[in-house]
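Pasting entry.cif here (mmCIF, C-alpha atoms):
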data_final
#
loop_
_atom_site.label_atom_id
_atom_site.label_comp_id
_atom_site.auth_asym_id
_atom_site.auth_seq_id
_atom_site.Cartn_x
_atom_site.Cartn_y
_atom_site.Cartn_z
CA MET A 1 -34.62 265.95 -47.61
CA SER A 2 -33.27 268.73 -49.81
CA GLY A 3 -33.99 268.82 -53.52
CA SER A 4 -30.40 268.25 -54.60
CA SER A 5 -29.84 265.14 -52.50
CA GLU A 6 -33.10 263.77 -53.81
CA THR A 7 -31.96 264.16 -57.41
CA ALA A 8 -28.62 262.60 -56.53
CA ALA A 9 -30.37 259.62 -54.98
CA THR A 10 -32.59 259.20 -58.01
CA LYS A 11 -29.60 259.43 -60.31
CA THR A 12 -27.66 256.73 -58.48
CA SER A 13 -30.60 254.38 -58.38
CA GLY A 14 -31.05 255.10 -62.08
CA SER A 15 -27.53 254.18 -63.15
CA ALA A 16 -27.22 251.32 -60.69
CA GLY A 17 -30.68 250.25 -61.72
CA SER A 18 -29.77 249.98 -65.40
CA LEU A 19 -26.84 247.74 -64.46
CA LEU A 20 -29.02 245.53 -62.30
CA ASP A 21 -31.78 245.41 -64.87
CA ARG A 22 -29.51 243.78 -67.40
CA PRO A 23 -30.92 240.52 -68.67
CA LEU A 24 -29.16 237.44 -67.38
CA PRO A 25 -26.28 236.28 -69.57
CA SER A 26 -26.90 232.97 -71.28
CA GLY A 27 -26.07 230.04 -69.07
CA TYR A 28 -26.06 232.24 -65.93
CA ARG A 29 -28.82 230.41 -64.10
CA GLU A 30 -27.51 226.98 -65.07
CA GLU A 31 -23.99 227.89 -64.01
CA TRP A 32 -25.11 229.00 -60.55
CA ALA A 33 -27.33 225.96 -60.19
CA GLN A 34 -24.29 223.84 -60.96
CA HIS A 35 -22.15 225.84 -58.54
CA PHE A 36 -24.49 225.29 -55.62
CA ALA A 37 -25.04 221.67 -56.53
CA THR A 38 -21.35 220.85 -56.77
CA ALA A 39 -20.73 222.80 -53.59
CA ALA A 40 -22.52 219.81 -52.13
CA ARG A 41 -19.15 218.18 -51.76
CA ALA A 42 -18.02 221.07 -49.60
CA ALA A 43 -21.19 220.73 -47.54
CA ASP A 44 -20.62 216.99 -47.19
CA ALA A 45 -17.15 217.73 -46.03
CA ALA A 46 -18.55 220.31 -43.64
CA SER A 47 -20.76 217.71 -42.00
CA ASP A 48 -17.69 215.55 -41.67
CA PRO A 49 -16.02 216.59 -38.40
CA GLY A 50 -12.60 216.72 -40.03
CA SER A 51 -13.46 219.74 -42.14
CA ARG A 52 -15.26 223.02 -41.60
CA GLU A 53 -15.47 226.50 -43.05
CA GLU A 54 -13.44 229.23 -41.43
CA THR A 55 -12.90 232.87 -42.20
CA VAL A 56 -9.64 234.70 -41.78
CA VAL A 57 -8.34 238.16 -42.47
CA ILE A 58 -5.40 238.06 -44.83
CA PHE A 59 -2.65 240.63 -44.44
CA ARG A 60 0.92 241.08 -45.54
CA ILE A 61 4.01 241.73 -43.47
CA GLY A 62 7.18 242.17 -45.46
CA ASP A 63 6.93 239.54 -48.18
CA GLU A 64 4.81 237.14 -46.18
CA TRP A 65 1.06 236.84 -46.55
CA LEU A 66 -0.43 235.82 -43.22
CA ALA A 67 -3.86 235.12 -41.81
CA LEU A 68 -5.54 235.26 -38.41
CA SER A 69 -9.13 234.43 -37.45
CA THR A 70 -11.64 237.10 -38.38
CA VAL A 71 -13.02 237.20 -34.83
CA LEU A 72 -9.77 238.64 -33.53
CA PHE A 73 -9.96 241.72 -35.71
CA HIS A 74 -11.42 244.86 -34.22
CA GLU A 75 -10.35 247.53 -36.63
CA ILE A 76 -8.17 248.24 -39.64
CA ALA A 77 -7.03 251.85 -39.41
CA GLU A 78 -5.01 254.24 -41.51
CA PRO A 79 -1.32 254.33 -40.62
CA ARG A 80 -0.50 256.83 -37.90
CA ARG A 81 2.38 257.85 -35.74
CA ILE A 82 3.66 255.23 -33.34
CA HIS A 83 4.89 256.88 -30.16
CA SER A 84 7.85 255.08 -28.74
CA LEU A 85 7.95 254.30 -25.04
CA PRO A 86 10.85 255.47 -22.93
CA HIS A 87 13.15 252.74 -21.64
CA ARG A 88 11.56 250.14 -23.88
CA ARG A 89 13.82 249.59 -26.80
CA ASP A 90 13.10 246.06 -27.90
CA GLU A 91 12.24 245.14 -31.44
CA LEU A 92 8.88 243.66 -30.60
CA LEU A 93 7.33 246.56 -28.75
CA LEU A 94 7.10 249.50 -31.11
CA GLY A 95 5.27 251.83 -28.74
CA ILE A 96 1.73 253.07 -28.41
CA VAL A 97 -0.72 254.31 -31.02
CA ASN A 98 -3.83 256.39 -30.70
CA VAL A 99 -6.81 254.70 -32.36
CA ARG A 100 -9.98 256.76 -31.92
CA GLY A 101 -8.72 258.20 -28.69
CA GLU A 102 -7.75 254.86 -27.25
CA LEU A 103 -4.08 254.27 -26.57
CA LEU A 104 -3.08 250.82 -27.69
CA VAL A 105 0.15 248.95 -27.36
CA CYS A 106 1.67 248.58 -30.80
CA VAL A 107 3.77 245.53 -31.49
CA SER A 108 5.72 244.32 -34.45
CA LEU A 109 4.49 241.03 -35.87
CA ALA A 110 7.48 241.15 -38.19
CA ALA A 111 9.78 240.97 -35.17
CA LEU A 112 7.68 238.26 -33.54
CA LEU A 113 7.70 236.10 -36.65
CA GLY A 114 11.21 237.00 -37.73
CA ILE A 115 10.18 238.52 -41.06
CA GLY A 116 12.59 240.98 -42.61
CA ASP A 117 11.36 243.77 -44.89
CA SER A 118 13.57 242.56 -47.71
CA LEU A 119 11.72 243.14 -50.98
CA SER A 120 9.39 245.91 -49.94
CA SER A 121 12.19 248.45 -49.76
CA GLU A 122 13.43 247.46 -53.20
CA ARG A 123 10.02 247.88 -54.77
CA GLY A 124 9.91 251.43 -53.57
CA GLU A 125 7.30 253.77 -52.24
CA ARG A 126 4.31 252.15 -53.88
CA MET A 127 4.30 249.38 -51.32
CA LYS A 128 3.89 251.85 -48.50
CA THR A 129 0.55 253.10 -49.74
CA PHE A 130 -1.29 250.06 -48.45
CA GLU A 131 0.11 250.25 -44.94
CA ARG A 132 -2.43 249.86 -42.17
CA ILE A 133 -2.59 249.71 -38.41
CA VAL A 134 -4.49 246.60 -37.42
CA VAL A 135 -6.23 246.35 -34.05
CA ILE A 136 -6.71 242.81 -32.81
CA GLY A 137 -7.79 241.47 -29.48
CA LYS A 138 -9.70 238.94 -27.50
CA GLU A 139 -11.62 239.17 -24.24
CA GLY A 140 -11.10 242.88 -23.79
CA ARG A 141 -7.36 242.89 -24.36
CA ARG A 142 -6.55 244.83 -27.48
CA LEU A 143 -3.33 245.61 -29.23
CA ALA A 144 -2.27 246.99 -32.55
CA PHE A 145 0.32 246.08 -35.13
CA PRO A 146 1.34 247.64 -38.40
CA ALA A 147 0.75 245.58 -41.55
CA ASP A 148 2.13 246.42 -44.96
CA GLU A 149 -1.14 245.55 -46.65
CA VAL A 150 -4.49 244.12 -45.58
CA HIS A 151 -6.42 242.15 -48.16
CA GLY A 152 -9.65 241.50 -46.27
CA ILE A 153 -11.72 238.54 -45.26
CA HIS A 154 -11.20 235.18 -46.92
CA ARG A 155 -13.34 232.10 -46.38
CA TYR A 156 -11.85 228.67 -46.83
CA SER A 157 -12.59 225.09 -46.01
CA THR A 158 -10.17 223.43 -43.63
CA ARG A 159 -9.68 220.59 -46.10
CA ASP A 160 -8.02 223.03 -48.54
CA LEU A 161 -5.24 223.65 -46.05
CA THR A 162 -1.83 222.25 -46.68
CA ALA A 163 0.87 221.56 -44.14
CA THR A 164 3.51 224.20 -43.59
CA PRO A 165 6.53 223.46 -45.78
CA ALA A 166 9.89 223.04 -44.14
CA THR A 167 11.22 226.03 -46.06
CA ILE A 168 9.19 228.57 -44.10
CA GLY A 169 11.24 230.85 -41.85
CA LYS A 170 12.31 229.12 -38.69
CA ALA A 171 10.96 231.81 -36.39
CA ALA A 172 7.54 231.81 -38.00
CA LEU A 173 7.29 228.06 -37.92
CA PRO A 174 5.83 227.65 -34.43
CA PHE A 175 3.17 230.27 -35.17
CA ALA A 176 2.04 229.06 -38.57
CA THR A 177 -0.26 226.07 -38.29
CA ALA A 178 -1.03 225.58 -41.96
CA ILE A 179 -0.89 227.14 -45.41
CA ILE A 180 -3.98 228.54 -47.12
CA PRO A 181 -3.70 228.68 -50.92
CA TRP A 182 -5.04 232.08 -51.99
CA GLN A 183 -4.77 233.83 -55.38
CA GLY A 184 -1.53 232.08 -56.16
CA HIS A 185 -0.01 233.03 -52.82
CA SER A 186 0.67 230.74 -49.92
CA VAL A 187 -0.84 232.36 -46.87
CA GLY A 188 0.48 231.33 -43.48
CA ARG A 189 -2.39 230.59 -41.14
CA LEU A 190 -1.15 231.75 -37.75
CA ASP A 191 -2.18 230.14 -34.48
CA ASP A 192 -4.46 232.80 -32.95
CA GLN A 193 -4.03 231.81 -29.36
CA LEU A 194 -0.30 231.30 -29.59
CA VAL A 195 0.27 234.67 -31.26
CA LEU A 196 -1.83 236.52 -28.68
CA ASP A 197 -0.31 234.70 -25.72
CA THR A 198 3.23 235.25 -26.91
CA LEU A 199 2.58 238.93 -27.52
CA ASP A 200 0.92 239.26 -24.12
CA ARG A 201 3.86 237.68 -22.39
CA SER A 202 6.45 239.69 -24.21
CA ILE A 203 4.89 243.10 -23.58
CA ALA A 204 4.07 242.42 -19.91
CA MET B 1 -34.41 245.91 -37.02
CA LEU B 2 -32.82 245.13 -40.34
CA PHE B 3 -35.01 244.28 -43.30
CA LEU B 4 -34.21 243.03 -46.77
CA MET B 5 -36.11 244.96 -49.40
CA PHE B 6 -37.41 243.59 -52.68
CA ARG B 7 -40.14 244.30 -55.17
CA ILE B 8 -43.24 242.53 -56.24
CA GLY B 9 -44.42 244.37 -59.33
CA LYS B 10 -43.87 248.08 -58.66
CA ASP B 11 -44.23 247.98 -54.91
CA ARG B 12 -41.63 247.53 -52.23
CA TYR B 13 -41.80 244.83 -49.62
CA VAL B 14 -39.46 243.76 -46.84
CA LEU B 15 -38.56 240.58 -45.02
CA ASP B 16 -37.10 240.44 -41.52
CA ALA B 17 -33.34 239.87 -42.00
CA GLU B 18 -33.31 237.55 -38.97
CA GLN B 19 -35.17 234.90 -40.95
CA ILE B 20 -32.82 235.05 -43.90
CA GLU B 21 -29.99 232.62 -44.20
CA GLN B 22 -28.48 233.74 -47.48
CA VAL B 23 -29.23 235.64 -50.66
CA LEU B 24 -28.37 233.52 -53.68
CA PRO B 25 -28.07 234.36 -57.37
CA PHE B 26 -31.10 233.57 -59.53
CA MET B 27 -30.08 230.01 -60.34
CA ALA B 28 -31.98 227.55 -62.45
CA ALA B 29 -34.50 225.43 -60.60
CA LYS B 30 -35.78 221.99 -61.34
CA ALA B 31 -39.41 222.36 -62.36
CA LEU B 32 -41.99 220.51 -60.32
CA PRO B 33 -44.81 219.68 -62.70
CA GLY B 34 -48.20 220.00 -61.10
CA ALA B 35 -46.90 222.00 -58.17
CA PRO B 36 -49.30 224.55 -56.69
CA GLU B 37 -49.41 228.17 -57.91
CA GLY B 38 -46.29 230.08 -56.93
CA VAL B 39 -44.09 227.04 -56.40
CA VAL B 40 -41.78 227.16 -59.39
CA GLY B 41 -39.58 224.23 -58.51
CA ALA B 42 -36.76 223.11 -56.31
CA ILE B 43 -33.18 224.30 -56.18
CA ASN B 44 -30.23 222.12 -55.29
CA TYR B 45 -28.64 223.86 -52.32
CA HIS B 46 -25.49 222.02 -51.28
CA GLY B 47 -27.10 218.76 -52.23
CA ALA B 48 -30.39 219.35 -50.44
CA PRO B 49 -33.53 220.15 -52.42
CA VAL B 50 -35.14 223.42 -51.31
CA PRO B 51 -38.57 224.41 -52.64
CA LEU B 52 -38.50 227.67 -54.60
CA ILE B 53 -41.44 230.06 -54.44
CA ASP B 54 -41.69 232.91 -56.90
CA LEU B 55 -43.18 235.82 -54.98
CA SER B 56 -44.13 237.68 -58.17
CA SER B 57 -45.97 234.67 -59.42
CA LEU B 58 -47.56 234.02 -56.02
CA ALA B 59 -48.84 237.57 -55.70
CA LEU B 60 -49.32 238.73 -59.28
CA GLY B 61 -49.52 235.55 -61.31
CA ARG B 62 -46.50 236.37 -63.51
CA PRO B 63 -42.93 235.09 -63.01
CA SER B 64 -40.11 237.35 -61.76
CA ALA B 65 -38.17 239.00 -64.60
CA ALA B 66 -34.94 237.20 -65.55
CA VAL B 67 -32.59 240.12 -64.78
CA MET B 68 -29.50 240.48 -62.59
CA SER B 69 -31.35 242.08 -59.69
CA THR B 70 -33.72 239.15 -59.38
CA ARG B 71 -32.31 236.92 -56.70
CA ILE B 72 -33.21 234.06 -54.45
CA ILE B 73 -33.71 234.62 -50.74
CA LEU B 74 -33.06 231.55 -48.66
CA ILE B 75 -35.10 231.72 -45.47
CA ARG B 76 -35.56 229.50 -42.45
CA TYR B 77 -39.15 228.42 -42.43
CA PRO B 78 -40.77 227.16 -39.25
CA SER B 79 -42.54 223.88 -40.00
CA ALA B 80 -45.53 222.53 -38.15
CA GLU B 81 -43.50 220.20 -35.93
CA GLY B 82 -41.47 223.11 -34.58
CA THR B 83 -38.39 222.29 -36.61
CA GLN B 84 -36.96 224.66 -39.19
CA ARG B 85 -36.78 224.06 -42.91
CA ARG B 86 -35.25 226.03 -45.70
CA LEU B 87 -37.45 227.78 -48.19
CA ALA B 88 -36.21 229.69 -51.23
CA LEU B 89 -38.08 232.77 -52.45
CA CYS B 90 -37.32 234.60 -55.62
CA ALA B 91 -38.24 238.22 -56.05
CA GLU B 92 -37.22 241.21 -58.12
CA ARG B 93 -34.80 244.03 -57.31
CA ILE B 94 -33.20 242.53 -54.23
CA ILE B 95 -30.58 245.24 -53.95
CA GLU B 96 -30.83 246.85 -50.55
CA THR B 97 -31.49 246.45 -46.88
CA VAL B 98 -33.26 249.00 -44.72
CA ALA B 99 -33.04 249.55 -40.99
CA ARG B 100 -36.43 250.39 -39.54
CA GLU B 101 -38.04 250.06 -36.14
CA ALA B 102 -40.75 247.43 -35.83
CA SER B 103 -42.93 250.19 -34.37
CA ASP B 104 -42.71 252.14 -37.68
CA PHE B 105 -45.01 249.58 -39.22
CA VAL B 106 -48.73 250.22 -38.90
CA PRO B 107 -51.71 248.15 -40.07
CA THR B 108 -52.98 248.96 -43.56
CA GLY B 109 -56.60 248.76 -42.53
CA VAL B 110 -57.52 246.31 -45.29
CA GLU B 111 -56.09 243.16 -43.67
CA ALA B 112 -59.33 241.25 -44.00
CA GLY B 113 -59.33 241.25 -47.79
CA THR B 114 -55.63 240.55 -48.42
CA PRO B 115 -53.50 237.39 -48.20
CA ALA B 116 -52.26 236.44 -44.73
CA TYR B 117 -48.61 237.03 -45.60
CA LEU B 118 -49.08 240.76 -46.14
CA GLY B 119 -48.15 242.49 -42.90
CA PRO B 120 -48.21 246.09 -41.68
CA VAL B 121 -46.72 248.98 -43.66
CA ALA B 122 -44.13 251.67 -42.98
CA SER B 123 -43.86 254.90 -44.91
CA ASP B 124 -40.83 256.70 -46.27
CA ALA B 125 -40.12 259.43 -48.82
CA ASP B 126 -40.95 257.14 -51.74
CA GLY B 127 -44.15 255.67 -50.41
CA LEU B 128 -45.08 252.62 -48.41
CA ILE B 129 -43.08 249.50 -47.63
CA GLN B 130 -44.98 246.41 -46.67
CA TRP B 131 -43.70 243.76 -44.28
CA ILE B 132 -44.03 240.21 -45.60
CA ARG B 133 -44.62 237.57 -42.97
CA ALA B 134 -42.62 234.69 -44.34
CA GLU B 135 -44.21 232.17 -42.02
CA ALA B 136 -47.61 232.92 -43.56
CA LEU B 137 -46.44 232.69 -47.18
CA LEU B 138 -47.52 229.12 -47.60
CA THR B 139 -51.10 228.14 -47.14
CA PRO B 140 -51.50 225.10 -44.87
CA GLU B 141 -52.27 222.97 -47.94
CA ILE B 142 -49.06 223.95 -49.77
CA ARG B 143 -47.05 223.55 -46.59
CA ALA B 144 -48.42 220.05 -46.20
CA ILE B 145 -47.48 219.22 -49.79
CA LEU B 146 -43.97 220.67 -49.60
CA PHE B 147 -42.89 219.46 -46.20
CA GLN B 148 -44.94 216.35 -45.61
CA ASP B 149 -42.20 213.74 -46.07
CA GLY B 150 -39.88 215.15 -43.43
CA GLY B 151 -37.36 216.48 -45.93
CA ALA B 152 -33.99 217.88 -44.99
CA GLU B 153 -34.13 219.65 -41.67
CA ILE B 154 -31.64 222.32 -40.77
#
Reformat the file's structure so that it appears as structure tokens.
Amino acid sequence: MSGSSETAATKTSGSAGSLLDRPLPSGYREEWAQHFATAARAADAASDPGSREETVVIFRIGDEWLALSTVLFHEIAEPRRIHSLPHRRDELLLGIVNVRGELLVCVSLAALLGIGDSLSSERGERMKTFERIVVIGKEGRRLAFPADEVHGIHRYSTRDLTATPATIGKAALPFATAIIPWQGHSVGRLDDQLVLDTLDRSIA
Amino acid sequence: MLFLMFRIGKDRYVLDAEQIEQVLPFMAAKALPGAPEGVVGAINYHGAPVPLIDLSSLALGRPSAAVMSTRIILIRYPSAEGTQRRLALCAERIIETVAREASDFVPTGVEAGTPAYLGPVASDADGLIQWIRAEALLTPEIRAILFQDGGAEI
């Protein structure tokens, strides 16, 4: 180890250390004790077969916040050029992208779900900065789609789900199984299998 | 192998991450009057009582400092009947994990005089890290006291 990196390491542990060595705020221990005790209801619900904990990755396409099971996600990559395929000019199949040297079929979830990019263009360039290419897949089949923003992983209990309202876009309706309330947004929980199967069929 | 590092006093110790279910904030515990040395109480974890052992108090006889980096490690503890129980351990400076090979750890040479839970040691730039064998943390007597009534199994 060189001298400079050693000093850097010591410095970081010093500043991080002073943060972590703060005394506990008053009521901190009691509050957490209460949190884990009241979470008992969630645990009770978890033992009840009707409810369980699931994790999803939340992302945004157009104005819609959507979620798919965490297990489907392989990679969230920086946006990159999507190469169009000759003689394939449908809305759904955007082309192929190169993700770490692997060529993946890139599809448009917006086209699949019938989501227009209404507001994002009005709000200007800022919205584009969060764009990502998302690689999903199951059992060796992988494909990519562009998302306007990816929030990350969210854990929820199935009993917090609400039914999809009738006002949701007609095209998205068969794919959205429920609504997850999240930070004041209503996140459409998509049917993993249905989305993958439909995409598979349509790009075949 | 992945290990969770923590401190007892000034020295660094690790636990095998495989045994760990969750790291919890340093929550208040219900005191258990008359409990053996090191057992500070029981925490309410999703409605189930889990005995809490303070590693600083077990090893050094003084409680862990009440600071942000002191946390509770929830481990799966093999009980005598072959089932698994939860056991909560609190220790200081639980802020990092380390990836080391099991073969990096070598015997200290003073095993005979030290408690059974102290395992082999591995060295790095800052000194030695000692492997804590969670299954040996409780003496048979304490284990009998804590888990005798067939409490909540996992």
>> When you look at Val23 (chain B) with a cut-off of 12 Å (counting only C-alpha atoms), what residues show up, excluding the ones that are within fewer than 6 positions of it in the same chain? I need them as a list of chain:residue names.
In response: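 Residues near the query, excluding close chain neighbours: B:Leu4, B:Met5, B:Phe6, B:Leu15, B:Ala17, B:Tyr45, B:Ser69, B:Thr70, B:Arg71, B:Ile72, B:Ile73, B:Leu74, B:Ile75, B:Leu87, B:Ala88, B:Leu89, B:Cys90, B:Ala91, B:Ile94, B:Ile95, B:Glu96, B:Thr97.
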> In Å, with one decimal, what is the gap from CA of Ile20 (chain B) to CA of His154 (chain A)?
Replying inline: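 Computed distance, CA of Ile20 (chain B) to CA of His154 (chain A), equals 21.8 Å.
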What would the selection look like, as a PDB file with C-alpha atoms, in the coordinates of the input, if the PyMOL selection byres ((chain B) within 9 of (chain A)) were run on the coordinates I just shared?
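Saved the output as result-v9.pdb:
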ATOM      1  CA  LEU B  24     -28.370 233.520 -53.680  1.00  0.00           C
ATOM      2  CA  PRO B  25     -28.070 234.360 -57.370  1.00  0.00           C
ATOM      3  CA  PHE B  26     -31.100 233.570 -59.530  1.00  0.00           C
ATOM      4  CA  MET B  27     -30.080 230.010 -60.340  1.00  0.00           C
ATOM      5  CA  ALA B  28     -31.980 227.550 -62.450  1.00  0.00           C
ATOM      6  CA  ALA B  29     -34.500 225.430 -60.600  1.00  0.00           C
ATOM      7  CA  ILE B  43     -33.180 224.300 -56.180  1.00  0.00           C
ATOM      8  CA  ASN B  44     -30.230 222.120 -55.290  1.00  0.00           C
ATOM      9  CA  TYR B  45     -28.640 223.860 -52.320  1.00  0.00           C
ATOM     10  CA  HIS B  46     -25.490 222.020 -51.280  1.00  0.00           C
ATOM     11  CA  GLY B  47     -27.100 218.760 -52.230  1.00  0.00           C
ATOM     12  CA  ALA B  48     -30.390 219.350 -50.440  1.00  0.00           C
ATOM     13  CA  ALA B  65     -38.170 239.000 -64.600  1.00  0.00           C
ATOM     14  CA  ALA B  66     -34.940 237.200 -65.550  1.00  0.00           C
ATOM     15  CA  VAL B  67     -32.590 240.120 -64.780  1.00  0.00           C
ATOM     16  CA  MET B  68     -29.500 240.480 -62.590  1.00  0.00           C
ATOM     17  CA  SER B  69     -31.350 242.080 -59.690  1.00  0.00           C
ATOM     18  CA  THR B  70     -33.720 239.150 -59.380  1.00  0.00           C
ATOM     19  CA  ARG B  93     -34.800 244.030 -57.310  1.00  0.00           C
ATOM     20  CA  ILE B  95     -30.580 245.240 -53.950  1.00  0.00           C
ATOM     21  CA  ALA B 125     -40.120 259.430 -48.820  1.00  0.00           C
TER      22      ALA B 125
END
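Excluding region 59-61 of chain B itself and any same-chain residue fewer than 6 positions from it, the protein and nucleic acid residues within 10 Å of it, counting all atoms listed in the file, are Ile8, Gly9, Glu37, Gly38 and Pro115 of chain B.
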Same residues, C-alpha atoms, saved as a short mmCIF file (atom, residue, chain, number, x, y, z; two decimals), in the frame of the given file:
data_model
loop_
_atom_site.label_atom_id
_atom_site.label_comp_id
_atom_site.auth_asym_id
_atom_site.auth_seq_id
_atom_site.Cartn_x
_atom_site.Cartn_y
_atom_site.Cartn_z
CA ILE B 8 -43.24 242.53 -56.24
CA GLY B 9 -44.42 244.37 -59.33
CA GLU B 37 -49.41 228.17 -57.91
CA GLY B 38 -46.29 230.08 -56.93
CA PRO B 115 -53.50 237.39 -48.20
#
Residues selected by the PyMOL selection byres ((chain B and resi 13) around 10), written as an mmCIF file with C-alpha atoms, in the coordinates of the input:
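Written output follows (part-v1.cif):
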data_model
loop_
_atom_site.group_PDB
_atom_site.id
_atom_site.type_symbol
_atom_site.label_atom_id
_atom_site.label_comp_id
_atom_site.auth_asym_id
_atom_site.auth_seq_id
_atom_site.Cartn_x
_atom_site.Cartn_y
_atom_site.Cartn_z
ATOM 1 C CA PHE B 3 -35.010 244.280 -43.300
ATOM 2 C CA LEU B 4 -34.210 243.030 -46.770
ATOM 3 C CA MET B 5 -36.110 244.960 -49.400
ATOM 4 C CA PHE B 6 -37.410 243.590 -52.680
ATOM 5 C CA ARG B 7 -40.140 244.300 -55.170
ATOM 6 C CA ILE B 8 -43.240 242.530 -56.240
ATOM 7 C CA LYS B 10 -43.870 248.080 -58.660
ATOM 8 C CA ASP B 11 -44.230 247.980 -54.910
ATOM 9 C CA ARG B 12 -41.630 247.530 -52.230
ATOM 10 C CA VAL B 14 -39.460 243.760 -46.840
ATOM 11 C CA LEU B 15 -38.560 240.580 -45.020
ATOM 12 C CA ALA B 91 -38.240 238.220 -56.050
ATOM 13 C CA LEU B 118 -49.080 240.760 -46.140
ATOM 14 C CA GLY B 119 -48.150 242.490 -42.900
ATOM 15 C CA VAL B 121 -46.720 248.980 -43.660
ATOM 16 C CA ALA B 122 -44.130 251.670 -42.980
ATOM 17 C CA LEU B 128 -45.080 252.620 -48.410
ATOM 18 C CA ILE B 129 -43.080 249.500 -47.630
ATOM 19 C CA GLN B 130 -44.980 246.410 -46.670
ATOM 20 C CA TRP B 131 -43.700 243.760 -44.280
ATOM 21 C CA ILE B 132 -44.030 240.210 -45.600
#
Could you tell me, as a PDB file with C-alpha atoms, in the coordinates of the input, exactly which residues end up selected when the PyMOL selection byres ((chain B and resi 107) around 7) is applied to this structure?
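Saved the output as expr04.pdb:
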ATOM      1  CA  PHE B 105     -45.010 249.580 -39.220  1.00  0.00           C
ATOM      2  CA  VAL B 106     -48.730 250.220 -38.900  1.00  0.00           C
ATOM      3  CA  THR B 108     -52.980 248.960 -43.560  1.00  0.00           C
ATOM      4  CA  GLY B 109     -56.600 248.760 -42.530  1.00  0.00           C
ATOM      5  CA  PRO B 120     -48.210 246.090 -41.680  1.00  0.00           C
ATOM      6  CA  VAL B 121     -46.720 248.980 -43.660  1.00  0.00           C
TER       7      VAL B 121
END
>> Just to confirm, what's the straight-line distance from CA of Phe130 (chain A) to CA of Ile82 (chain A) in Å (one decimal)?
In response: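 We find that CA of Phe130 (chain A) and CA of Ile82 (chain A) lie 16.7 Å from each other.
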> With all atoms listed in the file as the atoms that count, which of A:Val57, A:Leu196, A:Ile136, A:Val99 lies nearest to Ala77 (chain A)?
Replying inline: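 Going through A:Val57, A:Leu196, A:Ile136, A:Val99 one by one, the smallest distance to Ala77 (chain A) is for A:Val99.
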> For Leu137 (chain B), which residue among B:Ala42, B:Ala116, B:Ala31, B:Val50 is the nearest when counting all atoms listed in the file?
Replying inline: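 Distance minimum relative to Leu137 (chain B) lands on B:Ala116.
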Taking the partial coordinates given, rebuild region 113-125 of chain B to contain N, CA and C atoms; return it as a CSV table (one decimal), keeping the file's coordinate frame.
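Listed below is the output, selection07.csv:
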chain,number,residue,atom,x,y,z
B,113,GLY,N,-59.2,241.7,-46.4
B,113,GLY,CA,-59.3,241.2,-47.8
B,113,GLY,C,-58.0,240.8,-48.5
B,114,THR,N,-56.9,240.8,-47.8
B,114,THR,CA,-55.6,240.6,-48.4
B,114,THR,C,-55.0,239.2,-47.9
B,115,PRO,N,-54.1,238.7,-48.6
B,115,PRO,CA,-53.5,237.4,-48.2
B,115,PRO,C,-52.8,237.5,-46.8
B,116,ALA,N,-52.7,236.4,-46.1
B,116,ALA,CA,-52.3,236.4,-44.7
B,116,ALA,C,-50.8,236.9,-44.6
B,117,TYR,N,-50.0,236.7,-45.7
B,117,TYR,CA,-48.6,237.0,-45.6
B,117,TYR,C,-48.3,238.5,-45.7
B,118,LEU,N,-49.3,239.3,-46.1
B,118,LEU,CA,-49.1,240.8,-46.1
B,118,LEU,C,-49.2,241.4,-44.7
B,119,GLY,N,-48.2,242.0,-44.3
B,119,GLY,CA,-48.2,242.5,-42.9
B,119,GLY,C,-48.4,244.0,-42.9
B,120,PRO,N,-48.0,244.6,-41.8
B,120,PRO,CA,-48.2,246.1,-41.7
B,120,PRO,C,-47.3,246.9,-42.6
B,121,VAL,N,-47.5,248.2,-42.7
B,121,VAL,CA,-46.7,249.0,-43.7
B,121,VAL,C,-46.0,250.1,-42.9
B,122,ALA,N,-44.9,250.5,-43.5
B,122,ALA,CA,-44.1,251.7,-43.0
B,122,ALA,C,-44.0,252.6,-44.1
B,123,SER,N,-44.0,253.9,-43.8
B,123,SER,CA,-43.9,254.9,-44.9
B,123,SER,C,-42.5,255.5,-44.9
B,124,ASP,N,-42.0,255.9,-46.1
B,124,ASP,CA,-40.8,256.7,-46.3
B,124,ASP,C,-41.0,257.7,-47.4
B,125,ALA,N,-40.0,258.4,-47.8
B,125,ALA,CA,-40.1,259.4,-48.8
B,125,ALA,C,-40.7,258.9,-50.1
